[in-house]
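Q: Structure below; questions to follow.
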Amino acid sequence: MAECPHLEYRETAGEQTFETARAYCAVADEFVQPMRADICTGRYGLAPSEDCEIYREAAADR
Amino acid sequence: MNASYHDGEPAVVTAALTGGVHGKEANPNLPETPAEIGEAAAACELAGASVVHLHARRENGERAFSTDRFQQVADAVREATDDVILQHSTGGTAAPEDRRIEPLRTDPPPEMASLDMGPLNRYDHLTSENTRAFVDRLHGEMRERGITPELEVFNDGHLNETLAFLDRADTTDPPYLNLIFGGGTTSPPSPRRLLAHLDDVPDRAEVNVIGFGPHQLPVTTTSLLVGGHARVGLEDNCYYRRGEPATSNAQLVERTAEIAEQLGRPVATTAETRSILGL
Ligand code: SF4
């Protein structure tokens, strides 16, 4: 898996607004930390299905 | 380390402006672009910081390790500040080792860089390994470029690693250790634990202290009392006090500078910091 299917780029969510669209997790319903965004984007060989507990919990709940 | 506030030695205040974990989603005042980081560095220098600890980010706030991006950040900081000392981060959970060396390769190189002394966990599935071989590789490149390492001691185990490193490495004198307190893999935060760590630090070393989140103020203040130095900033703590987000990095630096002065520790100028740390 490369990029996570739950990843979106948004400028606004709730009361938060940014000039540049940022990584947003549709499962957690919040903007993600920049370090975690490297997992969401599959950068450096990271994989949401292996490295992200939010992805794994969502998959297990299905 | 064998000092205390009695000695009235200048205190080195470092501002950790950006970091590599959270970003504007945690506090919109955290600087991410080169221009924002330059501006924040200038405000922190005015407030009393003699060292700025730097990370680089992409335009969307995500982490960047390239020499190019660090060059843009360093240029912006040099342009905006008078004489502040630049310390580049070489930390980077999950980033390939070759990437983590890139921040050392700016022109000119930074005067200082961070060197993580052992493994640490991030989230539930990541570990920043920081093997001994990689610590030595990073350190070797720092010394080739005349960069002074700040040895990042995240816990007691890293203190052992650091003592062994000081035995094997031809490093700078005095060694500069940064003791880190908070949650996760870092040392459990308490003034007592900080004092215990100091028992194991070589007398010739200089000591800086970080406390994450609500521990920033208590452990950095303890450090100032016992003759150590202090790092504050939005990388380590997004709040001024419980429930009140910090308005800027400079706000946190100002408070620490004022506490240092009140405790009889004059805040070190950049010249004094260069002399204390042998830069
Ligand atoms: S936080 Fe996890 S689940 Fe959410 S987008 Fe990123 S990788 Fe996917």
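Just so we're on the same page: first chain in the structure tokens is A, next is B, and so on; residues restart at 1 for each chain, and ligands are numbered from 1 in the order they show up.
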Taking only C-alpha atoms and all ligand atoms into account, produce a table as a Markdown table in which each residue of chain A with an atom at most 10 Å from an atom of ligand 1 appears once, together with its shortest atom pair and the distance in Å to one decimal, ordered by chain and rising number.
A:
| residue | atom | partner | partner_atom_place_in_ligand_line | distance |
| --- | --- | --- | --- | --- |
| A:Ala2 | CA | ligand 1 | 7 (S) | 9.8 |
| A:Glu3 | CA | ligand 1 | 7 (S) | 7.7 |
| A:Cys4 | CA | ligand 1 | 8 (Fe) | 4.6 |
| A:Pro5 | CA | ligand 1 | 8 (Fe) | 6.4 |
| A:His6 | CA | ligand 1 | 5 (S) | 4.3 |
| A:Leu7 | CA | ligand 1 | 5 (S) | 3.8 |
| A:Glu8 | CA | ligand 1 | 5 (S) | 7.2 |
| A:Tyr9 | CA | ligand 1 | 5 (S) | 9.8 |
| A:Ala23 | CA | ligand 1 | 5 (S) | 7.7 |
| A:Tyr24 | CA | ligand 1 | 5 (S) | 6.5 |
| A:Cys25 | CA | ligand 1 | 4 (Fe) | 4.0 |
| A:Ala26 | CA | ligand 1 | 4 (Fe) | 6.2 |
| A:Val27 | CA | ligand 1 | 4 (Fe) | 5.6 |
| A:Ala28 | CA | ligand 1 | 4 (Fe) | 6.2 |
| A:Asp29 | CA | ligand 1 | 4 (Fe) | 8.3 |
| A:Glu30 | CA | ligand 1 | 4 (Fe) | 8.7 |
| A:Phe31 | CA | ligand 1 | 1 (S) | 8.6 |
| A:Val32 | CA | ligand 1 | 1 (S) | 6.2 |
| A:Gln33 | CA | ligand 1 | 1 (S) | 8.5 |
| A:Arg36 | CA | ligand 1 | 1 (S) | 6.5 |
| A:Ala37 | CA | ligand 1 | 6 (Fe) | 6.1 |
| A:Asp38 | CA | ligand 1 | 6 (Fe) | 8.2 |
| A:Ile39 | CA | ligand 1 | 7 (S) | 5.4 |
| A:Cys40 | CA | ligand 1 | 7 (S) | 3.7 |
| A:Thr41 | CA | ligand 1 | 7 (S) | 7.3 |
| A:Gly42 | CA | ligand 1 | 7 (S) | 8.1 |
| A:Leu46 | CA | ligand 1 | 7 (S) | 9.3 |
| A:Ala47 | CA | ligand 1 | 7 (S) | 7.4 |
| A:Pro48 | CA | ligand 1 | 7 (S) | 4.3 |
| A:Ser49 | CA | ligand 1 | 7 (S) | 7.5 |
| A:Glu50 | CA | ligand 1 | 7 (S) | 9.2 |
| A:Asp51 | CA | ligand 1 | 7 (S) | 7.7 |
| A:Cys52 | CA | ligand 1 | 2 (Fe) | 4.8 |
| A:Glu53 | CA | ligand 1 | 2 (Fe) | 6.7 |
| A:Ile54 | CA | ligand 1 | 3 (S) | 4.8 |
| A:Tyr55 | CA | ligand 1 | 3 (S) | 3.7 |
| A:Arg56 | CA | ligand 1 | 3 (S) | 7.4 |
| A:Glu57 | CA | ligand 1 | 3 (S) | 8.6 |
| A:Ala58 | CA | ligand 1 | 3 (S) | 7.4 |
| A:Ala59 | CA | ligand 1 | 3 (S) | 9.0 |
Q: Enumerate as a count of residues only the residues belonging to chain B that approach chain A to within 9 Å, with only C-alpha atoms taken into account.
A: 23
Q: Quick check, in Å to one decimal: how far apart do CA of Leu54 (chain B) and CA of Ala74 (chain B) lie?
A: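 Atom-to-atom, CA of Leu54 (chain B) and CA of Ala74 (chain B) are spaced 8.2 Å apart.
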Q: Please report the interatomic distance between CA of Pro175 (chain B) and CA of Gln262 (chain B) in Å with one decimal.
A: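 One can read the CA of Pro175 (chain B) to CA of Gln262 (chain B) distance as 27.2 Å.
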Q: Between B:Pro245, B:Gly38, B:Gly233, B:Pro191, which is the closest to Thr14 (chain B) once you count only C-alpha atoms?
A: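 Distance minimum relative to Thr14 (chain B) lands on B:Gly233.
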Q: Go through chain A and collect every residue that DSSP, computed from the backbone, puts in strand (DSSP E or B); the answer should be as a PyMOL selection string.
A: chain A and resi 7-13+16-25+30-31
Q: Using only C-alpha atoms, which protein or nucleic acid residues come within 9 Å of Arg58 (chain B)? Drop anything in the same chain fewer than 5 positions from it, and give the result as a PyMOL selection string.
A: chain B and resi 32-33+63-64+69
Q: Using only C-alpha atoms, which protein or nucleic acid residues come within 10 Å of Asp75 (chain B)? Drop anything in the same chain fewer than 3 positions from it, and give the result as a PyMOL selection string.
A: chain B and resi 34-35+38+69-72+78-80+106-108
Q: For a test of reading the model, state the distance in Å between CA of Pro189 (chain B) and CA of Ala15 (chain B), rounded to one decimal.
A: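 Those two atoms sit 19.8 Å apart.
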